[in-house]
Each structure stands twice: as structure tokens, then as C-alpha cells.
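> Handing over structure.cif, mmCIF, C-alpha atoms.
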```
data_start
#
loop_
_atom_site.group_PDB
_atom_site.id
_atom_site.type_symbol
_atom_site.label_atom_id
_atom_site.label_comp_id
_atom_site.auth_asym_id
_atom_site.auth_seq_id
_atom_site.Cartn_x
_atom_site.Cartn_y
_atom_site.Cartn_z
ATOM 1 C CA MET A 1 34.408 38.595 1.836
ATOM 2 C CA SER A 2 34.832 36.128 -0.991
ATOM 3 C CA GLU A 3 38.634 36.252 -0.874
ATOM 4 C CA THR A 4 40.209 34.815 2.286
ATOM 5 C CA GLN A 5 42.967 37.401 2.097
ATOM 6 C CA GLU A 6 40.413 40.150 2.660
ATOM 7 C CA PHE A 7 39.543 39.354 6.277
ATOM 8 C CA SER A 8 40.936 38.026 9.522
ATOM 9 C CA VAL A 9 39.229 35.343 11.584
ATOM 10 C CA GLY A 10 38.862 35.564 15.346
ATOM 11 C CA PHE A 11 38.492 32.664 17.749
ATOM 12 C CA ILE A 12 37.324 33.047 21.343
ATOM 13 C CA GLY A 13 37.541 30.083 23.720
ATOM 14 C CA LEU A 14 40.458 27.682 23.432
ATOM 15 C CA GLY A 15 39.288 24.768 25.555
ATOM 16 C CA ASN A 16 38.929 21.082 24.696
ATOM 17 C CA MET A 17 36.880 21.822 21.566
ATOM 18 C CA GLY A 18 37.935 25.353 20.726
ATOM 19 C CA ALA A 19 41.675 24.712 20.713
ATOM 20 C CA PRO A 20 41.715 21.982 18.033
ATOM 21 C CA MET A 21 39.231 23.973 15.947
ATOM 22 C CA ALA A 22 41.326 27.134 16.158
ATOM 23 C CA GLN A 23 44.479 25.154 15.414
ATOM 24 C CA ARG A 24 43.053 24.369 11.977
ATOM 25 C CA LEU A 25 42.936 28.132 11.300
ATOM 26 C CA VAL A 26 46.465 29.163 12.270
ATOM 27 C CA ASP A 27 47.493 29.406 8.620
ATOM 28 C CA TRP A 28 44.349 31.259 7.539
ATOM 29 C CA PRO A 29 45.544 33.689 4.826
ATOM 30 C CA GLY A 30 43.890 36.717 6.418
ATOM 31 C CA GLY A 31 45.352 35.954 9.842
ATOM 32 C CA LEU A 32 43.979 34.425 13.047
ATOM 33 C CA VAL A 33 43.294 36.369 16.254
ATOM 34 C CA VAL A 34 42.758 34.288 19.403
ATOM 35 C CA CYS A 35 41.319 35.159 22.790
ATOM 36 C CA ASP A 36 41.061 33.183 26.017
ATOM 37 C CA MET A 37 41.050 34.008 29.718
ATOM 38 C CA ARG A 38 44.036 31.682 30.261
ATOM 39 C CA PRO A 39 47.382 33.020 28.979
ATOM 40 C CA ASP A 40 48.775 29.483 28.743
ATOM 41 C CA ALA A 41 46.028 28.573 26.268
ATOM 42 C CA LEU A 42 47.162 31.378 23.952
ATOM 43 C CA GLN A 43 50.839 30.477 23.865
ATOM 44 C CA PRO A 44 50.706 27.619 21.305
ATOM 45 C CA PHE A 45 48.797 29.858 18.914
ATOM 46 C CA THR A 46 51.002 32.904 19.196
ATOM 47 C CA ASP A 47 54.023 30.617 18.796
ATOM 48 C CA ALA A 48 52.442 29.436 15.527
ATOM 49 C CA GLY A 49 51.938 32.992 14.268
ATOM 50 C CA ALA A 50 48.450 33.919 15.500
ATOM 51 C CA THR A 51 47.759 37.240 17.209
ATOM 52 C CA ALA A 52 46.554 37.277 20.820
ATOM 53 C CA ALA A 53 43.771 39.627 21.907
ATOM 54 C CA GLY A 54 43.021 40.641 25.472
ATOM 55 C CA SER A 55 39.248 40.862 25.106
ATOM 56 C CA PRO A 56 36.378 40.112 22.709
ATOM 57 C CA ALA A 57 36.226 43.809 21.872
ATOM 58 C CA GLU A 58 39.852 43.688 20.766
ATOM 59 C CA VAL A 59 39.098 40.664 18.560
ATOM 60 C CA ALA A 60 36.233 42.450 16.825
ATOM 61 C CA GLU A 61 38.394 45.477 16.045
ATOM 62 C CA THR A 62 40.216 43.593 13.290
ATOM 63 C CA CYS A 63 38.197 40.433 12.518
ATOM 64 C CA ARG A 64 35.208 40.094 10.208
ATOM 65 C CA VAL A 65 34.350 36.515 11.199
ATOM 66 C CA VAL A 66 34.557 35.554 14.870
ATOM 67 C CA SER A 67 34.024 32.029 16.180
ATOM 68 C CA VAL A 68 32.952 31.589 19.801
ATOM 69 C CA VAL A 69 33.337 28.353 21.781
ATOM 70 C CA VAL A 70 32.508 28.983 25.435
ATOM 71 C CA LEU A 71 30.533 27.126 28.090
ATOM 72 C CA ASP A 72 26.912 28.258 28.145
ATOM 73 C CA ASP A 73 24.289 30.875 27.251
ATOM 74 C CA GLU A 74 25.485 33.318 29.916
ATOM 75 C CA GLN A 75 29.079 33.220 28.715
ATOM 76 C CA VAL A 76 27.962 33.538 25.086
ATOM 77 C CA ARG A 77 25.927 36.652 25.930
ATOM 78 C CA THR A 78 28.917 38.188 27.719
ATOM 79 C CA VAL A 79 31.225 37.512 24.775
ATOM 80 C CA VAL A 80 28.755 38.845 22.210
ATOM 81 C CA ASP A 81 28.232 42.023 24.271
ATOM 82 C CA GLY A 82 31.998 42.538 24.220
ATOM 83 C CA LEU A 83 32.253 41.929 20.485
ATOM 84 C CA LEU A 84 29.495 44.420 19.727
ATOM 85 C CA GLN A 85 31.468 47.192 21.424
ATOM 86 C CA THR A 86 33.783 47.367 18.396
ATOM 87 C CA ALA A 87 32.348 45.111 15.659
ATOM 88 C CA LYS A 88 31.931 46.867 12.346
ATOM 89 C CA PRO A 89 28.834 46.433 10.179
ATOM 90 C CA GLY A 90 29.140 43.242 8.151
ATOM 91 C CA THR A 91 30.996 41.353 10.864
ATOM 92 C CA VAL A 92 29.732 37.788 11.400
ATOM 93 C CA ILE A 93 29.649 36.369 14.926
ATOM 94 C CA ALA A 94 29.424 32.567 14.942
ATOM 95 C CA VAL A 95 28.594 30.710 18.147
ATOM 96 C CA HIS A 96 29.607 27.041 18.145
ATOM 97 C CA SER A 97 28.526 26.442 21.743
ATOM 98 C CA THR A 98 25.243 24.563 22.178
ATOM 99 C CA ILE A 99 22.868 27.203 23.530
ATOM 100 C CA SER A 100 19.117 27.737 23.525
ATOM 101 C CA ASP A 101 17.679 28.478 20.098
ATOM 102 C CA GLN A 102 15.791 31.343 21.760
ATOM 103 C CA THR A 103 19.071 32.800 22.978
ATOM 104 C CA ALA A 104 20.383 32.609 19.413
ATOM 105 C CA ILE A 105 17.348 34.487 18.077
ATOM 106 C CA GLU A 106 17.658 37.181 20.766
ATOM 107 C CA LEU A 107 21.366 37.651 20.110
ATOM 108 C CA ALA A 108 20.764 37.818 16.353
ATOM 109 C CA ALA A 109 18.314 40.673 16.883
ATOM 110 C CA GLU A 110 20.815 42.480 19.108
ATOM 111 C CA CYS A 111 23.569 42.003 16.532
ATOM 112 C CA ALA A 112 21.307 43.181 13.703
ATOM 113 C CA SER A 113 20.799 46.491 15.510
ATOM 114 C CA HIS A 114 24.560 47.012 15.086
ATOM 115 C CA GLY A 115 24.604 45.889 11.451
ATOM 116 C CA VAL A 116 26.299 42.638 12.530
ATOM 117 C CA GLU A 117 25.326 39.130 11.400
ATOM 118 C CA PHE A 118 24.883 36.336 13.937
ATOM 119 C CA VAL A 119 24.929 32.617 13.204
ATOM 120 C CA ASP A 120 24.392 29.725 15.569
ATOM 121 C CA ALA A 121 26.774 27.038 14.340
ATOM 122 C CA PRO A 122 26.896 24.125 16.789
ATOM 123 C CA ILE A 123 29.241 21.274 16.019
ATOM 124 C CA SER A 124 29.155 17.486 16.220
ATOM 125 C CA GLY A 125 31.981 14.975 16.263
ATOM 126 C CA GLY A 126 33.952 15.829 19.384
ATOM 127 C CA ALA A 127 37.586 16.807 19.816
ATOM 128 C CA PRO A 128 38.928 13.911 17.677
ATOM 129 C CA ALA A 129 36.927 15.148 14.673
ATOM 130 C CA ALA A 130 38.019 18.738 15.368
ATOM 131 C CA GLN A 131 41.663 17.686 15.299
ATOM 132 C CA LYS A 132 41.139 16.007 11.927
ATOM 133 C CA GLY A 133 39.072 18.863 10.476
ATOM 134 C CA ALA A 134 36.145 16.458 10.269
ATOM 135 C CA LEU A 135 33.436 18.103 12.385
ATOM 136 C CA ALA A 136 29.839 18.470 11.252
ATOM 137 C CA VAL A 137 28.850 22.153 11.507
ATOM 138 C CA MET A 138 25.146 23.074 11.507
ATOM 139 C CA VAL A 139 24.683 26.739 10.621
ATOM 140 C CA GLY A 140 21.630 28.859 11.321
ATOM 141 C CA GLY A 141 21.708 32.278 9.707
ATOM 142 C CA THR A 142 21.100 34.302 6.574
ATOM 143 C CA PRO A 143 22.406 33.000 3.232
ATOM 144 C CA ALA A 144 24.900 35.877 3.147
ATOM 145 C CA ALA A 145 26.238 35.025 6.609
ATOM 146 C CA PHE A 146 26.502 31.346 5.665
ATOM 147 C CA GLU A 147 28.559 32.208 2.592
ATOM 148 C CA ALA A 148 30.852 34.377 4.713
ATOM 149 C CA VAL A 149 31.623 31.596 7.194
ATOM 150 C CA ARG A 150 31.594 28.607 4.869
ATOM 151 C CA GLU A 151 35.270 28.761 3.857
ATOM 152 C CA PRO A 152 36.796 29.199 7.337
ATOM 153 C CA PHE A 153 34.423 26.583 8.745
ATOM 154 C CA THR A 154 35.635 24.010 6.206
ATOM 155 C CA ARG A 155 39.033 24.202 7.905
ATOM 156 C CA PHE A 156 37.618 22.354 10.954
ATOM 157 C CA GLY A 157 34.448 20.861 9.465
ATOM 158 C CA SER A 158 34.251 18.342 6.635
ATOM 159 C CA LEU A 159 30.452 18.751 6.597
ATOM 160 C CA VAL A 160 29.105 22.311 6.785
ATOM 161 C CA ILE A 161 25.299 22.423 6.559
ATOM 162 C CA HIS A 162 23.093 25.511 6.180
ATOM 163 C CA ALA A 163 20.266 24.390 8.473
ATOM 164 C CA GLY A 164 18.102 27.478 7.890
ATOM 165 C CA GLU A 165 17.458 30.764 9.669
ATOM 166 C CA VAL A 166 19.041 31.743 12.987
ATOM 167 C CA GLY A 167 18.142 29.112 15.569
ATOM 168 C CA ALA A 168 17.913 26.298 13.037
ATOM 169 C CA GLY A 169 21.490 25.210 13.637
ATOM 170 C CA THR A 170 20.820 24.799 17.344
ATOM 171 C CA ARG A 171 17.553 22.940 16.720
ATOM 172 C CA MET A 172 19.366 20.529 14.409
ATOM 173 C CA LYS A 173 22.066 19.953 17.040
ATOM 174 C CA LEU A 174 19.431 19.260 19.701
ATOM 175 C CA ALA A 175 17.709 16.727 17.440
ATOM 176 C CA ARG A 176 21.032 15.083 16.674
ATOM 177 C CA ASN A 177 21.941 14.879 20.375
ATOM 178 C CA LEU A 178 18.490 13.595 21.281
ATOM 179 C CA LEU A 179 19.342 10.546 19.180
ATOM 180 C CA HIS A 180 22.820 10.410 20.688
ATOM 181 C CA PHE A 181 21.772 10.273 24.324
ATOM 182 C CA VAL A 182 18.674 8.143 23.838
ATOM 183 C CA ALA A 183 21.019 5.715 22.087
ATOM 184 C CA PHE A 184 23.344 5.860 25.104
ATOM 185 C CA THR A 185 20.385 4.968 27.313
ATOM 186 C CA ALA A 186 19.519 2.094 24.997
ATOM 187 C CA ALA A 187 23.149 0.974 25.129
ATOM 188 C CA SER A 188 22.837 0.828 28.910
ATOM 189 C CA GLU A 189 19.820 -1.476 28.546
ATOM 190 C CA ALA A 190 21.718 -3.676 26.106
ATOM 191 C CA GLN A 191 24.641 -3.929 28.525
ATOM 192 C CA ARG A 192 22.325 -4.889 31.388
ATOM 193 C CA LEU A 193 20.776 -7.631 29.248
ATOM 194 C CA ALA A 194 24.207 -8.913 28.195
ATOM 195 C CA GLU A 195 25.558 -8.817 31.737
ATOM 196 C CA ALA A 196 22.508 -10.615 33.130
ATOM 197 C CA ALA A 197 23.005 -13.277 30.447
ATOM 198 C CA GLY A 198 26.590 -13.798 31.617
ATOM 199 C CA LEU A 199 28.287 -12.112 28.666
ATOM 200 C CA ASP A 200 31.418 -9.954 28.579
ATOM 201 C CA ILE A 201 30.008 -6.477 27.943
ATOM 202 C CA THR A 202 33.379 -5.092 26.795
ATOM 203 C CA LYS A 203 33.272 -7.603 23.946
ATOM 204 C CA LEU A 204 29.697 -6.549 23.200
ATOM 205 C CA GLY A 205 30.952 -2.969 22.944
ATOM 206 C CA LYS A 206 33.559 -4.036 20.404
ATOM 207 C CA VAL A 207 30.875 -5.749 18.314
ATOM 208 C CA VAL A 208 28.594 -2.688 18.440
ATOM 209 C CA ARG A 209 31.339 -0.258 17.412
ATOM 210 C CA HIS A 210 32.524 -2.575 14.659
ATOM 211 C CA SER A 211 29.098 -3.175 13.125
ATOM 212 C CA ASP A 212 28.009 0.478 13.461
ATOM 213 C CA SER A 213 31.151 1.550 11.599
ATOM 214 C CA HIS A 214 29.842 -0.427 8.622
ATOM 215 C CA THR A 215 26.061 0.055 8.911
ATOM 216 C CA GLY A 216 26.092 3.717 9.962
ATOM 217 C CA GLY A 217 24.088 3.044 13.125
ATOM 218 C CA PRO A 218 20.729 4.824 13.598
ATOM 219 C CA GLY A 219 21.579 7.392 10.920
ATOM 220 C CA ALA A 220 21.298 4.671 8.288
ATOM 221 C CA ILE A 221 17.485 4.968 8.301
ATOM 222 C CA MET A 222 17.421 8.785 8.238
ATOM 223 C CA LEU A 223 17.103 9.133 4.467
ATOM 224 C CA ARG A 224 13.505 10.250 3.880
ATOM 225 C CA LYS A 225 12.470 13.918 3.639
ATOM 226 C CA THR A 226 9.389 13.438 5.847
ATOM 227 C CA THR A 227 8.200 11.426 8.834
ATOM 228 C CA ALA A 228 4.714 10.985 7.326
ATOM 229 C CA PRO A 229 3.394 7.426 6.831
ATOM 230 C CA VAL A 230 4.844 5.648 3.801
ATOM 231 C CA GLU A 231 2.345 4.678 1.142
ATOM 232 C CA PRO A 232 2.325 0.957 0.235
ATOM 233 C CA ASP A 233 3.389 1.708 -3.362
ATOM 234 C CA ASP A 234 6.263 3.963 -2.240
ATOM 235 C CA PHE A 235 9.840 2.901 -3.026
ATOM 236 C CA TRP A 236 10.677 2.980 0.678
ATOM 237 C CA PHE A 237 7.810 0.781 1.901
ATOM 238 C CA PRO A 238 9.364 -2.653 1.273
ATOM 239 C CA ILE A 239 12.766 -1.456 2.497
ATOM 240 C CA LEU A 240 11.504 0.026 5.755
ATOM 241 C CA GLY A 241 8.994 -2.787 6.139
ATOM 242 C CA HIS A 242 11.888 -5.238 6.031
ATOM 243 C CA VAL A 243 13.752 -3.192 8.679
ATOM 244 C CA ARG A 244 10.610 -3.223 10.846
ATOM 245 C CA ASP A 245 10.126 -6.976 10.534
ATOM 246 C CA LEU A 246 13.746 -7.705 11.434
ATOM 247 C CA GLY A 247 13.662 -5.215 14.282
ATOM 248 C CA GLU A 248 10.420 -6.507 15.757
ATOM 249 C CA LYS A 249 11.703 -10.092 15.605
ATOM 250 C CA ASP A 250 14.972 -9.252 17.356
ATOM 251 C CA LEU A 251 13.329 -6.976 19.921
ATOM 252 C CA ALA A 252 10.781 -9.681 20.766
ATOM 253 C CA LEU A 253 13.566 -12.231 21.188
ATOM 254 C CA ALA A 254 15.551 -9.844 23.415
ATOM 255 C CA LEU A 255 12.470 -9.155 25.547
ATOM 256 C CA ASP A 256 11.791 -12.881 25.860
ATOM 257 C CA LEU A 257 15.353 -13.358 27.116
ATOM 258 C CA ALA A 258 14.914 -10.445 29.529
ATOM 259 C CA THR A 259 11.717 -11.986 30.901
ATOM 260 C CA ARG A 260 13.507 -15.250 31.573
ATOM 261 C CA LEU A 261 16.279 -13.309 33.304
ATOM 262 C CA GLU A 262 13.695 -11.280 35.286
ATOM 263 C CA LEU A 263 15.038 -8.036 33.774
ATOM 264 C CA ASN A 264 12.941 -4.978 32.937
ATOM 265 C CA LEU A 265 13.841 -3.286 29.621
ATOM 266 C CA PRO A 266 11.439 -0.326 29.202
ATOM 267 C CA LEU A 267 13.169 1.172 26.156
ATOM 268 C CA ALA A 268 13.113 -2.167 24.346
ATOM 269 C CA GLN A 269 9.416 -2.550 25.132
ATOM 270 C CA ARG A 270 8.729 0.941 23.817
ATOM 271 C CA ALA A 271 10.833 0.246 20.724
ATOM 272 C CA LEU A 272 8.862 -2.905 19.895
ATOM 273 C CA HIS A 273 5.636 -0.917 20.187
ATOM 274 C CA ASP A 274 6.817 2.156 18.265
ATOM 275 C CA LEU A 275 9.324 0.903 15.668
ATOM 276 C CA GLY A 276 6.897 0.389 12.791
ATOM 277 C CA ASP A 277 5.125 3.695 13.280
ATOM 278 C CA GLY A 278 8.464 5.478 13.618
ATOM 279 C CA LEU A 279 9.606 4.016 10.309
ATOM 280 C CA GLY A 280 6.333 5.098 8.710
ATOM 281 C CA VAL A 281 5.121 1.610 7.786
ATOM 282 C CA GLY A 282 2.975 0.829 10.842
ATOM 283 C CA PRO A 283 3.352 -2.038 13.309
ATOM 284 C CA GLY A 284 4.060 -5.511 12.007
ATOM 285 C CA PRO A 285 2.494 -8.765 13.164
ATOM 286 C CA ILE A 286 4.958 -9.308 15.997
ATOM 287 C CA ALA A 287 4.318 -5.863 17.516
ATOM 288 C CA LYS A 288 0.571 -6.404 17.192
ATOM 289 C CA GLU A 289 0.908 -9.767 18.920
ATOM 290 C CA HIS A 290 2.734 -8.145 21.853
ATOM 291 C CA SER A 291 0.461 -5.113 22.157
#
```
Could you take the file, read its structure, and then write that structure out as C-alpha cells?


Amino acid sequence: MSETQEFSVGFIGLGNMGAPMAQRLVDWPGGLVVCDMRPDALQPFTDAGATAAGSPAEVAETCRVVSVVVLDDEQVRTVVDGLLQTAKPGTVIAVHSTISDQTAIELAAECASHGVEFVDAPISGGAPAAQKGALAVMVGGTPAAFEAVREPFTRFGSLVIHAGEVGAGTRMKLARNLLHFVAFTAASEAQRLAEAAGLDITKLGKVVRHSDSHTGGPGAIMLRKTTAPVEPDDFWFPILGHVRDLGEKDLALALDLATRLELNLPLAQRALHDLGDGLGVGPGPIAKEHS
């Protein structure tokens, strides 16, 4: 499947995420086959030249790579069962929905019994990134399956990562979203501190988005290949030590302000305690003083 002209791509699920992803594939040289329970969702694609299918089984009759973007594990299982009714050996089924990594492993085994490859390929970046073809796609599967999906995936993803074996893509997505939603919780604490201090929190939001667009936000420190402690003579030690010292200073100042405002900030307290160890350089003097 090295030549795009040799195979058609199928896309099942044309909702908020699936539709902009599939739209990037309408001019796929081998042809695009789309499937959705809602006829109105199909119309823009058939108008653009794609072929509509009435069921997953009908998609698998002609497509050798099939992307699936549905709601949850149960829906994914139903779709995969339908695909396996007609999928030929060598077909690759790619699930972009965020499901359990155990579900991915189970479905991969079921697909393998039919000679079909399965990849879990969750996505990050939201609908705006999908519309721009700028999603991050984290693929769990065999090297052969990854090579088969790499080219179509680059139509909607500007970063396509082979995370490892089946299940690895989902585990990477869960780790990424752990950071995402813990950061949202931290943002809530920051807003409460700002509001209690009499600040305009919409302006704070502008500052955060502006500075993160330049610094990269939390991802800026995710450069090492291990979370093990950093040796004092390591290149990273003075860099991460500097980050720790700045962070501990600012966290301590924020907590002092919160105390004066009679505000409890549990995440900030935990961050002051854990920042140095998390960076691999151990706690600094300020964290030790507050322990």
C-alpha cells in the first residue's frame, strides 16, 4: 500500500471531530468512502465526490484503511464488528476515538484472527486543528500498520507519532490529557486567587494564553527521555534547577497572597512540595522551608 492510488480510505463517524478530519481526505487519490448514521452528515462529502456507504461492512468491502471516530468503547466495538464482516486480510482499522487501552488490545486480537490490522490512533488538538490539518496523531500498532496509515493520517495531522504497540497510542493520549485537565484545575485555582485579589480574570486569561503561546506551556519542560533524578553534573541539572528555584519562589509568593486572602489553594501547595522532585533535581531551599 505504498502508492496512494492503490487503495481507498474509509471514514466512519462525521461528527464535530470526524467531519473536519474526513474533509481533509476528500481528494485522496484512491477515493474516500464515508459512513454516518445521519444522512445530512454525508451530503457535503458526496457533493465533494466521496462515496457514501450504508454500513461499516459496506465501507470495508472496498477500503484498505478505515478511520473510525465514534463516541465510546461500545460504539467502537460495534463498528469494528461490522467492518470485520467484509474486511479483507491486510485491511487496517484505525480508531481515533479515545477508548480504553485494554479495549484496543482486545480488538486488535479479534482483528488479527481475520488477518486485519488494528491501530489505536487517538488525536489531540481539537476541531480547529483538524480543520487546518494540524492534529497530533498518536498511533499504537505494528510498524507495518503504521506505515500503511502514515500518509492518509498526514492529511489531517501535522504530527503523526508511532507510540509503540497496540494500546500505546491510547496510553499516550491519556498521559497527554492528564496534563491537560490537571492544568485546567490549576487554572481554576489561579482564577480564584486572581478574583479574590480583585483582578479581572478575563485579562489574566489573555496573559496566560499570550505567554503560553511563546513559552510552550507545561510541554516546555518535557524534553528529557526519563523521569529519573538528574545527576548534578548532567547538562539538564542547572537548567531544571533554575526552573525549580523560580517556580518555588513564585509558588511561595502566591501561597502567601492566598493566606492573606484566606484562600485555600491545594494544588499550589502540592506543586510547591513536588516541583523539584518532579523536575528531577529535588526540592530547593524554599520548598524545604515550607515543608

> Check which residues satisfy the PyMOL selection byres ((chain A and resi 275) around 10) in the file shown, then give them as a PyMOL selection string.

chain A and resi 243-245+247-248+251+268+270-274+276-284+287

> What gap, in Å, lies between atom CA of A:Glu6 and atom CA of A:Ser113?

24.3 Å

> With all atoms listed in the file as the atoms that count, which of A:Ala50, A:Val119, A:Ala22, A:Ile12 lies nearest to A:Val70?

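For A:Val70, the nearest of the candidates is A:Ile12.
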
> Evaluate the PyMOL selection byres ((chain A and resi 116) around 12) here and jot the selected residues down as an MDAnalysis selection string.

chainID A and resid 60 64:66 80:81 83:94 107:115 117:119 141:142 144:145

> Restricting it to C-alpha atoms, dump the selection as a PDB file, keeping the file's coordinate frame.


```pdb
ATOM      1  CA  ALA A  60      36.233  42.450  16.825  1.00  0.00           C
ATOM      2  CA  ARG A  64      35.208  40.094  10.208  1.00  0.00           C
ATOM      3  CA  VAL A  65      34.350  36.515  11.199  1.00  0.00           C
ATOM      4  CA  VAL A  66      34.557  35.554  14.870  1.00  0.00           C
ATOM      5  CA  VAL A  80      28.755  38.845  22.210  1.00  0.00           C
ATOM      6  CA  ASP A  81      28.232  42.023  24.271  1.00  0.00           C
ATOM      7  CA  LEU A  83      32.253  41.929  20.485  1.00  0.00           C
ATOM      8  CA  LEU A  84      29.495  44.420  19.727  1.00  0.00           C
ATOM      9  CA  GLN A  85      31.468  47.192  21.424  1.00  0.00           C
ATOM     10  CA  THR A  86      33.783  47.367  18.396  1.00  0.00           C
ATOM     11  CA  ALA A  87      32.348  45.111  15.659  1.00  0.00           C
ATOM     12  CA  LYS A  88      31.931  46.867  12.346  1.00  0.00           C
ATOM     13  CA  PRO A  89      28.834  46.433  10.179  1.00  0.00           C
ATOM     14  CA  GLY A  90      29.140  43.242   8.151  1.00  0.00           C
ATOM     15  CA  THR A  91      30.996  41.353  10.864  1.00  0.00           C
ATOM     16  CA  VAL A  92      29.732  37.788  11.400  1.00  0.00           C
ATOM     17  CA  ILE A  93      29.649  36.369  14.926  1.00  0.00           C
ATOM     18  CA  ALA A  94      29.424  32.567  14.942  1.00  0.00           C
ATOM     19  CA  LEU A 107      21.366  37.651  20.110  1.00  0.00           C
ATOM     20  CA  ALA A 108      20.764  37.818  16.353  1.00  0.00           C
ATOM     21  CA  ALA A 109      18.314  40.673  16.883  1.00  0.00           C
ATOM     22  CA  GLU A 110      20.815  42.480  19.108  1.00  0.00           C
ATOM     23  CA  CYS A 111      23.569  42.003  16.532  1.00  0.00           C
ATOM     24  CA  ALA A 112      21.307  43.181  13.703  1.00  0.00           C
ATOM     25  CA  SER A 113      20.799  46.491  15.510  1.00  0.00           C
ATOM     26  CA  HIS A 114      24.560  47.012  15.086  1.00  0.00           C
ATOM     27  CA  GLY A 115      24.604  45.889  11.451  1.00  0.00           C
ATOM     28  CA  GLU A 117      25.326  39.130  11.400  1.00  0.00           C
ATOM     29  CA  PHE A 118      24.883  36.336  13.937  1.00  0.00           C
ATOM     30  CA  VAL A 119      24.929  32.617  13.204  1.00  0.00           C
ATOM     31  CA  GLY A 141      21.708  32.278   9.707  1.00  0.00           C
ATOM     32  CA  THR A 142      21.100  34.302   6.574  1.00  0.00           C
ATOM     33  CA  ALA A 144      24.900  35.877   3.147  1.00  0.00           C
ATOM     34  CA  ALA A 145      26.238  35.025   6.609  1.00  0.00           C
TER      35      ALA A 145
END
```

> Could you jot down the atom CA of A:Gly13 to atom CA of A:Ser124 separation for me, Å, one decimal place?

16.9 Å

> If the PyMOL selection byres ((chain A and resi 157) around 9) were run on this exact file, what residues would it hold? Put them as a ChimeraX atom specification.

/A:21,123,129-130,132-137,152-156,158-160

> Write out as a VMD selection string each polymer residue whose atoms come within 9 Å of stretch 255-262 of chain A, counting all atoms listed in the file; drop sequence neighbours fewer than 6 positions from it.

chain A and resid 193 196 to 197 268 to 269

> Those selected residues, please, written with C-alpha atoms and delivered as a PDB file, in the coordinates of the input.


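Saved file again_38.pdb follows:
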```
ATOM      1  CA  LEU A 193      20.776  -7.631  29.248  1.00  0.00           C
ATOM      2  CA  ALA A 196      22.508 -10.615  33.130  1.00  0.00           C
ATOM      3  CA  ALA A 197      23.005 -13.277  30.447  1.00  0.00           C
ATOM      4  CA  ALA A 268      13.113  -2.167  24.346  1.00  0.00           C
ATOM      5  CA  GLN A 269       9.416  -2.550  25.132  1.00  0.00           C
TER       6      GLN A 269
END
```

> From the options A:Ala186, A:Val166, A:Ile286, A:Asp40, which residue's atoms come nearest to A:Asp250, counting only C-alpha atoms?

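Looking only at the distances to A:Asp250, the closest residue turns out to be A:Ile286.
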
> For each of A:Thr103, A:Gln191, A:Thr227, A:Thr78, take the minimum atom-to-atom distance to A:Ala254, counting all atoms listed in the file, then give the residue where this is smallest.

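Among the listed residues, A:Gln191 lies closest to A:Ala254.
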
> Identify which of the residues A:Val68, A:Val76, A:Ala52, A:Ile161 lies closest to A:Val34, counting only C-alpha atoms when measuring atom-to-atom distances.

A:Ala52

> Go through A:Pro218, A:His242, A:Gly30, A:Pro143 and flag the residue nearest A:Leu178, using all atoms listed in the file for the distances.

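Smallest separation from A:Leu178 among the options: A:Pro218.
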
> Figure out the distance between atom CA of A:Ser67 and atom CA of A:Phe11, please, to one decimal in Å.

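Computing it gives 4.8 Å between the two atoms.
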
> Name the closest residue to A:Leu267 among the candidates A:Val149, A:Phe235, A:Phe184, A:Ser291; distances are taken between atoms, counting only C-alpha atoms.

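Checking each of A:Val149, A:Phe235, A:Phe184, A:Ser291 against A:Leu267, counting only C-alpha atoms, the winner is A:Phe184.
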
> I want to know what sits within 12 Å of stretch 203-217 of chain A, based on only C-alpha atoms, with residues of the same chain fewer than 5 positions away left out; could you give that as a list in words?

Leu179, His180, Ala183, Phe184, Ala187, Ser188, Ala190, Gln191, Arg192, Leu193, Ala194, Glu195, Ala197, Gly198, Met222 and Leu223 of chain A

> Store the residues picked out above, limited to C-alpha atoms, as a PDB file, in the coordinates of the input.


```pdb
ATOM      1  CA  LEU A 179      19.342  10.546  19.180  1.00  0.00           C
ATOM      2  CA  HIS A 180      22.820  10.410  20.688  1.00  0.00           C
ATOM      3  CA  ALA A 183      21.019   5.715  22.087  1.00  0.00           C
ATOM      4  CA  PHE A 184      23.344   5.860  25.104  1.00  0.00           C
ATOM      5  CA  ALA A 187      23.149   0.974  25.129  1.00  0.00           C
ATOM      6  CA  SER A 188      22.837   0.828  28.910  1.00  0.00           C
ATOM      7  CA  ALA A 190      21.718  -3.676  26.106  1.00  0.00           C
ATOM      8  CA  GLN A 191      24.641  -3.929  28.525  1.00  0.00           C
ATOM      9  CA  ARG A 192      22.325  -4.889  31.388  1.00  0.00           C
ATOM     10  CA  LEU A 193      20.776  -7.631  29.248  1.00  0.00           C
ATOM     11  CA  ALA A 194      24.207  -8.913  28.195  1.00  0.00           C
ATOM     12  CA  GLU A 195      25.558  -8.817  31.737  1.00  0.00           C
ATOM     13  CA  ALA A 197      23.005 -13.277  30.447  1.00  0.00           C
ATOM     14  CA  GLY A 198      26.590 -13.798  31.617  1.00  0.00           C
ATOM     15  CA  MET A 222      17.421   8.785   8.238  1.00  0.00           C
ATOM     16  CA  LEU A 223      17.103   9.133   4.467  1.00  0.00           C
TER      17      LEU A 223
END
```

> Got a sec: who's within 12 Å of A:Arg171, counting all atoms listed in the file, leaving out chain neighbours fewer than 5 positions off, as a ChimeraX atom specification?

/A:98-105,120-123,138-140,163-166,176-178

> Assuming 5 Å of padding per side, give the centre and edge lengths of the axis-aligned box around every listed atom of stretch 47-65 of chain A, in Å to one decimal and as JSON.


```
{"center_x": 44.2, "center_y": 37.5, "center_z": 17.8, "size_x": 29.7, "size_y": 26.0, "size_z": 25.3}
```
